[in-house]
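Coordinates as given in structure.txt (compact mmCIF, C-alpha atoms and all ligand atoms):
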```txt
# COMPACT_ATOMS: atom_id res chain seq x y z
CA MET W 27 99.77 102.18 63.24
CA LYS W 28 101.05 105.65 64.01
CA VAL W 29 100.62 106.47 67.69
CA LEU W 30 101.01 109.79 69.53
CA VAL W 31 101.49 109.88 73.31
CA VAL W 32 100.75 113.27 74.91
CA GLY W 33 102.71 114.33 78.02
CA GLY W 34 106.30 114.35 79.20
CA GLY W 35 106.56 112.74 82.64
CA GLY W 36 107.28 109.33 84.10
CA ARG W 37 103.76 108.08 83.37
CA GLU W 38 104.12 109.03 79.70
CA HIS W 39 107.56 107.41 79.51
CA ALA W 40 106.02 104.20 80.84
CA LEU W 41 103.13 104.50 78.38
CA ALA W 42 105.47 105.13 75.44
CA TRP W 43 107.76 102.27 76.51
CA LYS W 44 104.82 99.84 76.57
CA VAL W 45 103.23 101.17 73.36
CA ALA W 46 106.59 100.82 71.57
CA GLN W 47 106.54 97.07 72.26
CA SER W 48 103.35 96.57 70.25
CA PRO W 49 103.89 94.83 66.91
CA ARG W 50 101.09 97.02 65.53
CA VAL W 51 103.05 100.24 65.96
CA THR W 52 105.07 101.45 62.98
CA LYS W 53 105.77 104.96 64.24
CA LEU W 54 105.63 106.46 67.73
CA TYR W 55 105.52 110.18 68.52
CA CYS W 56 105.42 111.88 71.89
CA ALA W 57 104.52 115.51 72.62
CA PRO W 58 106.46 117.03 74.25
CA GLY W 59 108.19 113.91 75.62
CA ASN W 60 111.50 114.01 77.51
CA PRO W 61 115.09 112.78 77.03
CA GLY W 62 114.18 109.24 78.13
CA ILE W 63 111.20 109.07 75.77
CA ALA W 64 113.37 110.49 72.96
CA ARG W 65 115.26 107.18 72.89
CA ILE W 66 112.15 105.22 71.90
CA ALA W 67 109.92 107.79 70.17
CA GLU W 68 110.15 110.91 68.05
CA CYS W 69 109.53 113.87 70.37
CA VAL W 70 107.47 116.73 68.98
CA PRO W 71 107.87 120.19 70.56
CA LEU W 72 104.18 120.71 71.37
CA ALA W 73 102.97 121.29 74.93
CA ALA W 74 100.46 118.81 76.36
CA ASP W 75 97.88 121.61 76.66
CA ASP W 76 98.32 122.96 73.10
CA LEU W 77 95.02 121.47 71.96
CA ALA W 78 94.95 123.06 68.51
CA GLY W 79 98.61 122.29 67.84
CA LEU W 80 98.17 118.64 68.80
CA ARG W 81 95.00 118.31 66.73
CA ASP W 82 96.72 119.79 63.66
CA PHE W 83 99.73 117.53 64.17
CA ALA W 84 97.55 114.42 64.46
CA ARG W 85 95.66 115.41 61.33
CA SER W 86 98.69 116.25 59.21
CA GLN W 87 100.67 113.16 60.28
CA ARG W 88 97.61 110.90 60.00
CA ILE W 89 97.98 109.61 63.56
CA ASP W 90 95.87 106.48 64.08
CA LEU W 91 95.67 106.72 67.88
CA THR W 92 96.46 109.51 70.36
CA VAL W 93 96.95 108.60 74.02
CA ILE W 94 96.58 111.31 76.67
CA GLY W 95 98.70 110.94 79.83
CA PRO W 96 98.04 113.99 82.07
CA GLU W 97 94.80 115.50 83.37
CA ALA W 98 95.16 119.09 82.16
CA PRO W 99 94.46 118.48 78.44
CA LEU W 100 91.55 116.17 79.38
CA ALA W 101 90.00 118.85 81.58
CA ALA W 102 90.55 121.38 78.77
CA GLY W 103 88.62 119.19 76.31
CA ILE W 104 91.27 117.64 74.06
CA VAL W 105 89.18 114.51 73.57
CA ASP W 106 86.16 116.57 72.46
CA GLU W 107 88.40 118.43 70.00
CA PHE W 108 89.93 115.25 68.53
CA ARG W 109 86.63 113.39 68.23
CA LYS W 110 85.02 116.38 66.54
CA ASN W 111 87.76 115.98 63.94
CA LYS W 112 87.25 112.20 63.64
CA LEU W 113 90.62 111.46 65.25
CA LEU W 114 90.83 108.32 67.43
CA ILE W 115 91.91 109.21 70.96
CA PHE W 116 92.27 107.46 74.33
CA GLY W 117 90.87 109.46 77.25
CA PRO W 118 87.58 110.86 78.59
CA HIS W 119 85.65 113.84 77.24
CA LYS W 120 85.81 117.10 79.19
CA ALA W 121 82.42 116.46 80.83
CA ALA W 122 83.53 113.05 82.15
CA ALA W 123 86.96 114.37 83.23
CA ARG W 124 85.08 116.53 85.77
CA ILE W 125 85.25 113.43 87.98
CA GLU W 126 88.84 114.60 88.61
CA ALA W 127 88.69 118.29 87.71
CA SER W 128 85.96 119.09 90.27
CA LYS W 129 86.04 117.44 93.67
CA ALA W 130 82.62 118.98 94.45
CA PHE W 131 81.09 117.38 91.33
CA SER W 132 82.75 114.06 92.12
CA LYS W 133 81.62 114.07 95.76
CA ASP W 134 78.07 115.00 94.84
CA LEU W 135 77.89 112.21 92.27
CA MET W 136 79.29 109.63 94.71
CA VAL W 137 76.71 110.61 97.33
CA ARG W 138 73.86 110.43 94.81
CA LEU W 139 75.00 107.00 93.60
CA GLY W 140 75.56 105.61 97.11
CA ILE W 141 79.26 105.06 96.51
CA PRO W 142 81.10 104.81 99.84
CA THR W 143 83.17 107.95 100.50
CA ALA W 144 84.16 110.26 103.34
CA GLY W 145 81.31 112.52 104.51
CA ALA W 146 81.78 116.07 103.21
CA GLN W 147 80.32 119.52 102.61
CA THR W 148 81.15 121.95 99.82
CA PHE W 149 81.56 125.71 100.40
CA THR W 150 82.10 128.81 98.29
CA ALA W 151 82.00 131.34 101.16
CA VAL W 152 84.38 131.58 104.12
CA GLY W 153 81.79 132.22 106.86
CA PRO W 154 79.73 129.05 106.46
CA ALA W 155 82.91 126.98 105.99
CA LEU W 156 84.37 128.30 109.27
CA ASN W 157 81.07 127.69 111.09
CA TYR W 158 81.05 124.13 109.84
CA LEU W 159 84.61 123.58 111.10
CA GLU W 160 83.50 124.62 114.61
CA GLN W 161 81.07 121.68 114.70
CA ARG W 162 83.49 119.03 113.45
CA ASP W 163 86.06 116.79 115.09
CA MET W 164 89.72 117.14 114.17
CA PRO W 165 91.68 116.09 112.16
CA ILE W 166 89.73 117.16 109.09
CA VAL W 167 90.56 117.41 105.40
CA VAL W 168 90.23 120.60 103.33
CA LYS W 169 90.34 120.19 99.54
CA ALA W 170 90.46 122.73 96.74
CA ASP W 171 87.75 121.83 94.22
CA GLY W 172 89.82 122.07 91.05
CA LEU W 173 93.11 120.77 89.67
CA ALA W 174 96.06 121.74 91.90
CA GLN W 175 98.80 119.28 90.92
CA GLY W 176 98.27 117.14 93.98
CA LYS W 177 98.85 120.09 96.31
CA GLY W 178 95.25 121.16 96.92
CA VAL W 179 94.58 118.75 99.80
CA ILE W 180 95.32 119.82 103.37
CA VAL W 181 95.00 117.26 106.14
CA ALA W 182 94.51 119.60 109.13
CA GLY W 183 95.38 118.30 112.58
CA THR W 184 93.95 121.31 114.39
CA ARG W 185 91.03 123.66 113.89
CA ALA W 186 93.48 126.57 113.44
CA GLU W 187 95.17 124.73 110.55
CA ALA W 188 91.81 123.89 108.99
CA ARG W 189 90.65 127.53 109.25
CA ASP W 190 93.87 128.68 107.67
CA ALA W 191 93.46 126.19 104.79
CA VAL W 192 89.92 127.43 104.15
CA ARG W 193 91.07 131.07 104.19
CA ALA W 194 94.07 130.31 101.97
CA MET W 195 91.79 128.79 99.35
CA LEU W 196 88.67 130.97 99.50
CA GLU W 197 90.17 134.34 100.55
CA ARG W 198 93.81 134.39 99.56
CA LYS W 199 93.17 132.38 96.35
CA ALA W 200 96.30 130.29 97.00
CA PHE W 201 95.16 127.85 94.29
CA GLY W 202 93.56 130.44 92.01
CA GLU W 203 90.23 129.40 90.48
CA ALA W 204 90.80 125.79 91.61
CA GLY W 205 90.18 126.98 95.18
CA SER W 206 87.05 129.03 94.60
CA GLN W 207 85.10 126.09 96.05
CA VAL W 208 86.35 123.93 98.90
CA VAL W 209 85.30 120.48 100.01
CA VAL W 210 85.62 119.93 103.76
CA GLU W 211 85.82 116.24 104.39
CA GLU W 212 85.85 113.77 107.26
CA PHE W 213 89.35 112.39 108.00
CA LEU W 214 89.63 108.67 107.28
CA ASP W 215 92.22 106.67 109.15
CA GLY W 216 93.27 103.53 107.31
CA GLU W 217 95.45 102.16 104.57
CA GLU W 218 95.51 103.77 101.13
CA LEU W 219 95.11 101.80 97.94
CA THR W 220 94.88 102.72 94.28
CA VAL W 221 92.72 100.72 91.89
CA MET W 222 92.83 101.94 88.30
CA ALA W 223 90.71 100.54 85.49
CA PHE W 224 90.36 100.68 81.75
CA THR W 225 86.80 101.39 80.73
CA ASP W 226 85.00 102.09 77.47
CA GLY W 227 81.94 103.47 79.28
CA LYS W 228 80.37 100.01 79.66
CA THR W 229 82.95 97.35 80.47
CA VAL W 230 85.29 97.99 83.42
CA VAL W 231 88.60 96.13 83.59
CA PRO W 232 90.55 96.78 86.81
CA LEU W 233 94.35 96.91 86.61
CA LEU W 234 96.59 95.36 89.24
CA PRO W 235 96.11 97.15 92.60
CA VAL W 236 98.87 99.56 93.61
CA GLN W 237 100.08 101.38 96.68
CA ASP W 238 101.58 104.83 96.27
CA HIS W 239 103.74 106.62 98.87
CA LYS W 240 102.43 110.18 99.07
CA ARG W 241 104.58 111.65 101.85
CA ALA W 242 108.07 112.93 101.08
CA GLY W 243 109.86 111.12 103.90
CA ASP W 244 110.45 107.58 105.14
CA GLY W 245 107.79 106.15 107.40
CA ASP W 246 105.12 108.39 105.80
CA THR W 247 106.47 111.59 107.30
CA GLY W 248 106.89 115.08 105.82
CA PRO W 249 104.76 116.93 103.30
CA ASN W 250 102.44 115.41 100.69
CA THR W 251 103.90 114.97 97.20
CA GLY W 252 102.61 113.76 93.85
CA GLY W 253 103.96 110.34 94.84
CA MET W 254 107.45 109.20 95.88
CA GLY W 255 107.16 105.59 94.80
CA ALA W 256 104.77 102.72 94.27
CA TYR W 257 104.52 98.96 94.20
CA ALA W 258 102.24 96.40 92.61
CA PRO W 259 100.37 94.16 93.01
CA ALA W 260 99.52 95.49 96.48
CA PRO W 261 99.11 92.45 98.78
CA ILE W 262 96.47 94.26 100.87
CA ALA W 263 94.14 94.08 97.87
CA THR W 264 92.96 90.52 97.56
CA ARG W 265 91.16 89.41 94.42
CA ASP W 266 87.90 89.66 96.38
CA LEU W 267 88.61 93.22 97.42
CA VAL W 268 89.41 94.34 93.86
CA ASP W 269 86.23 92.65 92.71
CA ARG W 270 84.28 94.50 95.38
CA VAL W 271 85.86 97.79 94.23
CA ARG W 272 84.78 97.01 90.66
CA ARG W 273 81.18 96.19 91.62
CA THR W 274 80.54 98.82 94.28
CA ILE W 275 82.70 101.73 93.09
CA LEU W 276 84.00 101.57 89.53
CA GLU W 277 80.97 100.15 87.72
CA PRO W 278 78.46 102.39 89.54
CA ILE W 279 80.43 105.58 88.80
CA VAL W 280 80.89 104.61 85.13
CA GLU W 281 77.17 103.84 84.85
CA GLY W 282 76.30 107.05 86.70
CA LEU W 283 78.38 109.17 84.33
CA SER W 284 76.73 107.48 81.34
CA ARG W 285 73.29 108.25 82.75
CA LEU W 286 74.32 111.89 83.14
CA GLY W 287 75.05 111.93 79.43
CA SER W 288 78.81 112.13 79.93
CA PRO W 289 80.08 108.56 79.48
CA PHE W 290 83.64 107.94 80.68
CA HIS W 291 86.09 106.10 78.44
CA GLY W 292 89.78 105.96 79.25
CA ALA W 293 91.70 105.17 82.41
CA LEU W 294 89.74 105.69 85.61
CA TYR W 295 91.70 106.01 88.86
CA ALA W 296 90.13 105.36 92.24
CA GLY W 297 92.13 106.56 95.27
CA LEU W 298 90.79 104.50 98.15
CA MET W 299 91.10 104.23 101.92
CA ILE W 300 90.58 100.83 103.55
CA VAL W 301 89.09 101.47 106.97
CA ARG W 302 88.66 98.29 109.01
CA GLY W 303 87.97 96.22 105.91
CA GLU W 304 85.60 98.80 104.43
CA VAL W 305 86.59 100.59 101.24
CA LYS W 306 85.91 104.32 100.82
CA VAL W 307 86.78 106.62 97.93
CA LEU W 308 89.17 109.54 98.55
CA GLU W 309 89.20 110.72 94.97
CA PHE W 310 88.73 109.78 91.34
CA ASN W 311 91.20 110.72 88.63
CA ALA W 312 90.51 110.64 84.91
CA ARG W 313 93.90 109.17 83.95
CA LEU W 314 96.55 106.71 85.05
CA GLY W 315 98.42 107.56 88.24
CA ASP W 316 102.00 108.67 88.34
CA PRO W 317 104.12 106.83 89.60
CA GLU W 318 101.46 104.08 89.68
CA ALA W 319 101.69 103.64 85.87
CA GLN W 320 105.42 102.99 86.24
CA VAL W 321 104.76 99.76 88.15
CA VAL W 322 101.50 98.62 86.58
CA LEU W 323 102.39 98.93 82.88
CA PRO W 324 105.59 96.83 83.17
CA LEU W 325 103.47 94.01 84.64
CA LEU W 326 100.95 94.10 81.78
CA LYS W 327 101.21 91.09 79.46
CA THR W 328 98.53 92.08 76.92
CA ASP W 329 99.46 94.43 74.07
CA LEU W 330 98.69 97.91 75.45
CA VAL W 331 97.79 99.27 72.01
CA GLU W 332 95.10 96.57 71.67
CA ILE W 333 93.60 97.74 74.97
CA LEU W 334 93.80 101.47 74.25
CA THR W 335 92.22 100.97 70.82
CA ALA W 336 89.47 98.76 72.24
CA VAL W 337 88.67 101.46 74.83
CA ALA W 338 88.64 104.23 72.23
CA GLU W 339 86.42 102.14 69.94
CA HIS W 340 84.10 101.02 72.78
CA ARG W 341 84.64 97.28 72.42
CA LEU W 342 86.50 96.40 75.60
CA ASP W 343 84.07 93.54 76.32
CA ARG W 344 85.74 91.45 73.64
CA LEU W 345 89.25 91.71 75.10
CA THR W 346 91.05 89.71 77.81
CA VAL W 347 93.70 91.54 79.78
CA ASP W 348 96.53 89.40 81.18
CA TRP W 349 99.27 90.17 83.70
CA HIS W 350 102.72 88.82 84.48
CA ASP W 351 102.76 86.98 87.80
CA ARG W 352 105.59 89.16 89.13
CA ALA W 353 106.14 92.19 91.36
CA ALA W 354 107.24 95.75 90.55
CA VAL W 355 108.62 98.50 92.78
CA CYS W 356 109.23 102.08 91.61
CA VAL W 357 111.41 104.51 93.58
CA VAL W 358 111.14 108.19 92.63
CA LEU W 359 114.37 110.21 92.68
CA ALA W 360 113.49 113.81 93.55
CA ALA W 361 115.37 117.08 93.11
CA PRO W 362 116.44 119.16 96.11
CA GLY W 363 113.57 121.43 97.15
CA TYR W 364 110.78 119.06 96.06
CA PRO W 365 107.83 119.15 96.87
CA GLY W 366 108.50 122.89 97.11
CA SER W 367 110.50 124.58 94.34
CA PRO W 368 112.95 122.05 92.91
CA THR W 369 116.45 123.01 91.74
CA LYS W 370 116.74 122.83 87.96
CA GLY W 371 119.78 122.24 85.78
CA LEU W 372 121.64 119.76 88.00
CA PRO W 373 123.68 117.27 85.95
CA ILE W 374 122.51 113.64 86.35
CA HIS W 375 125.26 111.01 86.50
CA GLY W 376 125.14 107.25 86.03
CA LEU W 377 122.23 106.95 83.57
CA ALA W 378 124.35 105.05 81.03
CA GLU W 379 125.23 102.42 83.64
CA THR W 380 121.56 101.57 84.13
CA GLU W 381 120.77 100.96 80.48
CA GLY W 382 119.80 97.57 79.08
CA GLN W 383 119.81 95.90 82.50
CA ALA W 384 117.36 93.04 83.03
CA ASP W 385 114.43 93.84 85.32
CA LEU W 386 115.47 97.47 85.69
CA LEU W 387 113.63 100.36 84.01
CA ILE W 388 114.51 104.03 84.33
CA PHE W 389 111.58 106.30 83.51
CA HIS W 390 112.38 109.98 82.99
CA ALA W 391 110.01 112.47 84.65
CA GLY W 392 111.69 115.85 85.20
CA THR W 393 114.75 115.77 82.94
CA ALA W 394 116.08 117.87 80.06
CA SER W 395 118.83 117.37 77.49
CA THR W 396 121.70 119.86 77.33
CA PRO W 397 124.91 119.73 75.30
CA GLY W 398 126.65 118.68 78.52
CA GLY W 399 124.23 115.82 79.21
CA VAL W 400 120.92 115.19 80.92
CA VAL W 401 119.98 117.56 83.77
CA THR W 402 117.12 117.96 86.27
CA THR W 403 114.20 120.18 85.28
CA GLY W 404 111.39 119.14 87.63
CA GLY W 405 110.68 117.93 91.14
CA ARG W 406 110.28 114.24 90.44
CA VAL W 407 113.29 113.61 88.22
CA LEU W 408 113.39 109.86 87.55
CA GLY W 409 111.36 106.77 88.39
CA VAL W 410 113.48 103.69 88.95
CA THR W 411 111.41 100.52 88.53
CA GLY W 412 112.68 97.12 89.59
CA LEU W 413 110.92 93.90 88.58
CA GLY W 414 111.20 90.48 90.16
CA ASP W 415 109.45 87.22 90.90
CA THR W 416 109.04 88.38 94.51
CA PHE W 417 108.73 91.78 96.19
CA THR W 418 112.12 91.24 97.80
CA ALA W 419 113.74 90.75 94.40
CA ALA W 420 111.88 93.68 92.78
CA ARG W 421 112.82 95.98 95.63
CA GLU W 422 116.47 95.00 95.58
CA ARG W 423 116.57 95.54 91.83
CA ALA W 424 115.05 99.02 92.15
CA TYR W 425 117.44 100.13 94.89
CA GLU W 426 120.43 98.71 92.96
CA GLY W 427 119.38 101.00 90.13
CA VAL W 428 118.97 103.94 92.53
CA ARG W 429 122.53 103.48 93.81
CA ARG W 430 123.97 103.92 90.31
CA ILE W 431 122.37 107.34 89.75
CA ARG W 432 123.59 110.58 91.30
CA PHE W 433 122.81 114.27 91.21
CA ASP W 434 123.41 117.00 93.77
CA GLY W 435 120.82 116.96 96.53
CA MET W 436 119.05 113.86 95.14
CA HIS W 437 116.52 112.50 97.64
CA TYR W 438 114.28 109.46 97.69
CA ARG W 439 112.50 107.22 100.13
CA SER W 440 114.30 104.11 101.28
CA ASP W 441 111.12 102.30 102.37
CA ILE W 442 109.19 101.94 99.09
CA GLY W 443 107.48 98.55 99.09
CA ALA W 444 108.50 97.77 102.66
CA ARG W 445 104.85 97.40 103.60
CA ALA W 446 104.39 94.71 100.94
CA LEU W 447 107.15 92.66 102.55
CA SER W 448 105.64 92.89 106.01
CA LYS W 449 102.23 91.82 104.61
CA ARG W 450 103.55 88.69 102.92
P1 LIG A 501 93.38 113.25 97.11
O1 LIG A 501 94.08 114.10 96.08
O2 LIG A 501 91.97 113.63 97.35
O3 LIG A 501 93.61 111.78 96.93
O4 LIG A 501 94.18 113.54 98.46
C1 LIG A 501 95.59 113.45 98.52
C2 LIG A 501 95.99 112.69 99.75
O5 LIG A 501 95.45 113.30 100.91
C3 LIG A 501 95.45 111.27 99.77
O6 LIG A 501 96.26 110.39 99.04
C4 LIG A 501 95.45 110.98 101.25
O7 LIG A 501 96.75 110.64 101.70
C5 LIG A 501 95.06 112.31 101.86
N1 LIG A 501 93.60 112.36 102.04
C6 LIG A 501 92.68 112.82 101.18
N2 LIG A 501 91.43 112.72 101.67
C7 LIG A 501 91.56 112.18 102.88
C8 LIG A 501 90.62 111.81 103.91
N3 LIG A 501 89.31 112.01 103.78
N4 LIG A 501 91.12 111.25 105.04
C9 LIG A 501 92.43 111.06 105.20
N5 LIG A 501 93.36 111.39 104.29
C10 LIG A 501 92.94 111.94 103.13
N1 LIG A 502 100.20 109.34 92.37
C1 LIG A 502 98.96 109.98 92.50
C2 LIG A 502 98.34 110.43 91.26
O1 LIG A 502 98.80 110.18 90.16
O2 LIG A 502 97.30 111.09 91.33
```
Could you render the structure from this file as structure tokens?
Ligand code: AMP
Ligand code: GLY
Amino acid sequence: MKVLVVGGGGREHALAWKVAQSPRVTKLYCAPGNPGIARIAECVPLAADDLAGLRDFARSQRIDLTVIGPEAPLAAGIVDEFRKNKLLIFGPHKAAARIEASKAFSKDLMVRLGIPTAGAQTFTAVGPALNYLEQRDMPIVVKADGLAQGKGVIVAGTRAEARDAVRAMLERKAFGEAGSQVVVEEFLDGEELTVMAFTDGKTVVPLLPVQDHKRAGDGDTGPNTGGMGAYAPAPIATRDLVDRVRRTILEPIVEGLSRLGSPFHGALYAGLMIVRGEVKVLEFNARLGDPEAQVVLPLLKTDLVEILTAVAEHRLDRLTVDWHDRAAVCVVLAAPGYPGSPTKGLPIHGLAETEGQADLLIFHAGTASTPGGVVTTGGRVLGVTGLGDTFTAARERAYEGVRRIRFDGMHYRSDIGARALSKR
């Protein structure tokens, strides 16, 4: 089989790494890929949102399966475009990707389906939004409706902050079109959990539960980021809890989208808050999480290509998905400035020393090749994943890897997975 992975971050490196292990794959392409992916796949210089370019490439190279990593091409309708051209592709149609691309749509659907979520109201005008804030308790959460690269959510501690967030989105257009509607949502205090699932629009197969670390600093301090690290399987999520998430959240939303005439097939991501044993949805995404994919995919025993093909061909009910009984911890190495503007072009040292080491995987996220070597080009530069039979072992392995890599101003959290240890 010829497979094309679309995207160029840590999630796509993890996807390509796992796809490359499939005995069914004879040729692997990635567009645009990155220097890490280039070691296992042929990188094609096409941007992830170049829908026509990717379609033409898949047609001319007779690609048997295309796998979409990031949300932007899904929201732009790449799956619709490929399917119209009879090209097999993994990911949801544009209409189903609205579950991520519009928080107002997603919230409305959850309420209609009785899926537990934070209480919320949607606004398009400043006046009513500000009035609503006057009646609510603080803290409160203000969310831009559309895609904002994980930056469109403001957890406001005071009414002044909340007002400013509303004005920034609706008046000052700080997030462009993505902020032309805002969702003002009740603040939930609890523990966060991610449960992702493969689904073909009928069958829902949850992946191992994960915990992400959203804040930039140790002890969950500092600004929100796209994710500074993750670990799996999250001990807080018992088998019973994951089963409850499948029955009360994942299956109802998949069924609801089907009934709307926009069936969801691909990877569905539920961002959850556990509040005193009760599970509530913070958000849905229409793709695998990043860095979550960098811990979950290495623990997957089943051939990933079998799963992706079964999803794309709507026959997931006939497949069993197995996992390694191990733990994984991923530590993100970030560039100076992240989550603001990261410094680009910094030489990265020590990559060669981490190669071919047992239970250590280095996933490239924001890197570029230059004649002088690999340099930083994004905020989240590398994901260092350690594997082990216990969380202690996986964590030690990850941080051993971290210690071998250096670039100017490199920063990372030193407490990734610490919560898993205290739970055990
Ligand atoms: P989202 O993109 O909607 O998952 O929001 C990003 C992050 O903001 C989440 O991972 C949470 O840490 C935080 N967050 C979002 N919604 C809420 C909420 N209702 N209560 C508390 N924290 C929230
Ligand atoms: N790590 C959070 C996300 O991928 O949305």
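Of the residues under consideration (W:Arg193, W:Lys129, W:Arg352, W:Arg429), W:Lys129 shows the shortest atom-to-atom contact distance to ligand LIG 501 (chain A) when counting only C-alpha atoms and all ligand atoms.
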Go through chain W residue by residue and, counting all atoms listed in the file, keep those with an atom at most 7 Å from ligand LIG 502 (chain A); for each kept residue give the shortest atom pair and its distance in Å to one decimal, ordered by chain and increasing number, as JSON lines.
```
{"residue": "W:Gly176", "atom": "CA", "partner": "A:LIG502", "partner_atom": "O2", "distance": 6.7}
{"residue": "W:Asp238", "atom": "CA", "partner": "A:LIG502", "partner_atom": "N1", "distance": 6.1}
{"residue": "W:Gly252", "atom": "CA", "partner": "A:LIG502", "partner_atom": "N1", "distance": 5.2}
{"residue": "W:Gly253", "atom": "CA", "partner": "A:LIG502", "partner_atom": "N1", "distance": 4.6}
{"residue": "W:Asn311", "atom": "CA", "partner": "A:LIG502", "partner_atom": "O2", "distance": 6.7}
{"residue": "W:Leu314", "atom": "CA", "partner": "A:LIG502", "partner_atom": "O1", "distance": 6.6}
{"residue": "W:Gly315", "atom": "CA", "partner": "A:LIG502", "partner_atom": "O1", "distance": 3.3}
{"residue": "W:Asp316", "atom": "CA", "partner": "A:LIG502", "partner_atom": "O1", "distance": 4.0}
{"residue": "W:Pro317", "atom": "CA", "partner": "A:LIG502", "partner_atom": "N1", "distance": 5.4}
{"residue": "W:Glu318", "atom": "CA", "partner": "A:LIG502", "partner_atom": "N1", "distance": 6.0}
```
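You will find CA of Gly412 in chain W at 12.8 Å from CA of Glu381 in chain W.
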- Task: Counting all atoms listed in the file, name the residues that have an atom within 10 Å of an atom of ligand LIG 501 (chain A); the answer should be given as a PyMOL selection string.
- Result: chain W and resi 126+129+143-146+165-171+173-182+209-220+238-241+246+250-253+296-299+306-311
- Item | Spatial neighbours of range 284-286 of chain W, 9 Å, all atoms listed in the file, chain gap at least 3 places, as a PyMOL selection string | chain W and resi 122+227-228+279-281+289-290
Quick one: contact table of range 80-163 of chain W to range 35-39 of chain W, 12 Å max, nearest atom pair and distance in Å to one decimal per residue, counting only C-alpha atoms, chain and number order, as CSV?
```
residue,atom,partner,partner_atom,distance
W:Val93,CA,W:Glu38,CA,9.2
W:Ile94,CA,W:Glu38,CA,8.4
W:Gly95,CA,W:Glu38,CA,5.7
W:Pro96,CA,W:Glu38,CA,8.2
W:Glu97,CA,W:Arg37,CA,11.6
```
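When CA of Arg423 in chain W is paired with CA of Val347 in chain W, their separation reads 26.2 Å.
Of the listed residues (W:Gly62, W:Arg270, W:Gly248, W:Ser367), W:Arg270 comes nearest to Gly303 in chain W; the distances count all atoms listed in the file.
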Please report, as a Markdown table, each residue of range 251-332 of chain W lying at most 12 Å from range 336-346 of chain W, together with the nearest pair of atoms and the separation in Å rounded to one decimal; use all atoms listed in the file, and order rows by chain and ascending residue number.
```
| residue | atom | partner | partner_atom | distance |
| --- | --- | --- | --- | --- |
| W:Pro289 | CA | W:His340 | CA | 10.9 |
| W:Phe290 | CA | W:Val337 | CA | 10.1 |
| W:His291 | CA | W:Val337 | CA | 6.4 |
| W:Gly292 | CA | W:Val337 | CA | 6.4 |
| W:Ala293 | CA | W:Val337 | CA | 9.0 |
| W:Leu294 | CA | W:Val337 | CA | 11.6 |
| W:Leu326 | CA | W:Thr346 | CA | 11.5 |
| W:Lys327 | CA | W:Thr346 | CA | 10.4 |
| W:Thr328 | CA | W:Thr346 | CA | 7.9 |
| W:Asp329 | CA | W:Thr346 | CA | 10.3 |
| W:Leu330 | CA | W:Ala336 | CA | 9.8 |
| W:Val331 | CA | W:Ala336 | CA | 8.3 |
| W:Glu332 | CA | W:Ala336 | CA | 6.1 |
```
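Between CA of Pro142 in chain W and CA of Leu283 in chain W lies a distance of 16.3 Å.
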Write out as a short mmCIF file (atom, residue, chain, number, x, y, z; two decimals) with C-alpha atoms, in the frame of the given file each polymer residue whose atoms come within 12 Å of Arg430 in chain W, counting all atoms listed in the file; drop sequence neighbours fewer than 2 positions from it.
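The resulting file, out.cif, is shown below:
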```
data_model
loop_
_atom_site.label_atom_id
_atom_site.label_comp_id
_atom_site.auth_asym_id
_atom_site.auth_seq_id
_atom_site.Cartn_x
_atom_site.Cartn_y
_atom_site.Cartn_z
CA LEU W 359 114.37 110.21 92.68
CA ILE W 374 122.51 113.64 86.35
CA HIS W 375 125.26 111.01 86.50
CA GLY W 376 125.14 107.25 86.03
CA LEU W 377 122.23 106.95 83.57
CA ALA W 378 124.35 105.05 81.03
CA GLU W 379 125.23 102.42 83.64
CA THR W 380 121.56 101.57 84.13
CA GLU W 381 120.77 100.96 80.48
CA GLN W 383 119.81 95.90 82.50
CA LEU W 386 115.47 97.47 85.69
CA ILE W 388 114.51 104.03 84.33
CA VAL W 410 113.48 103.69 88.95
CA ARG W 423 116.57 95.54 91.83
CA ALA W 424 115.05 99.02 92.15
CA TYR W 425 117.44 100.13 94.89
CA GLU W 426 120.43 98.71 92.96
CA GLY W 427 119.38 101.00 90.13
CA VAL W 428 118.97 103.94 92.53
CA ARG W 432 123.59 110.58 91.30
CA PHE W 433 122.81 114.27 91.21
#
```
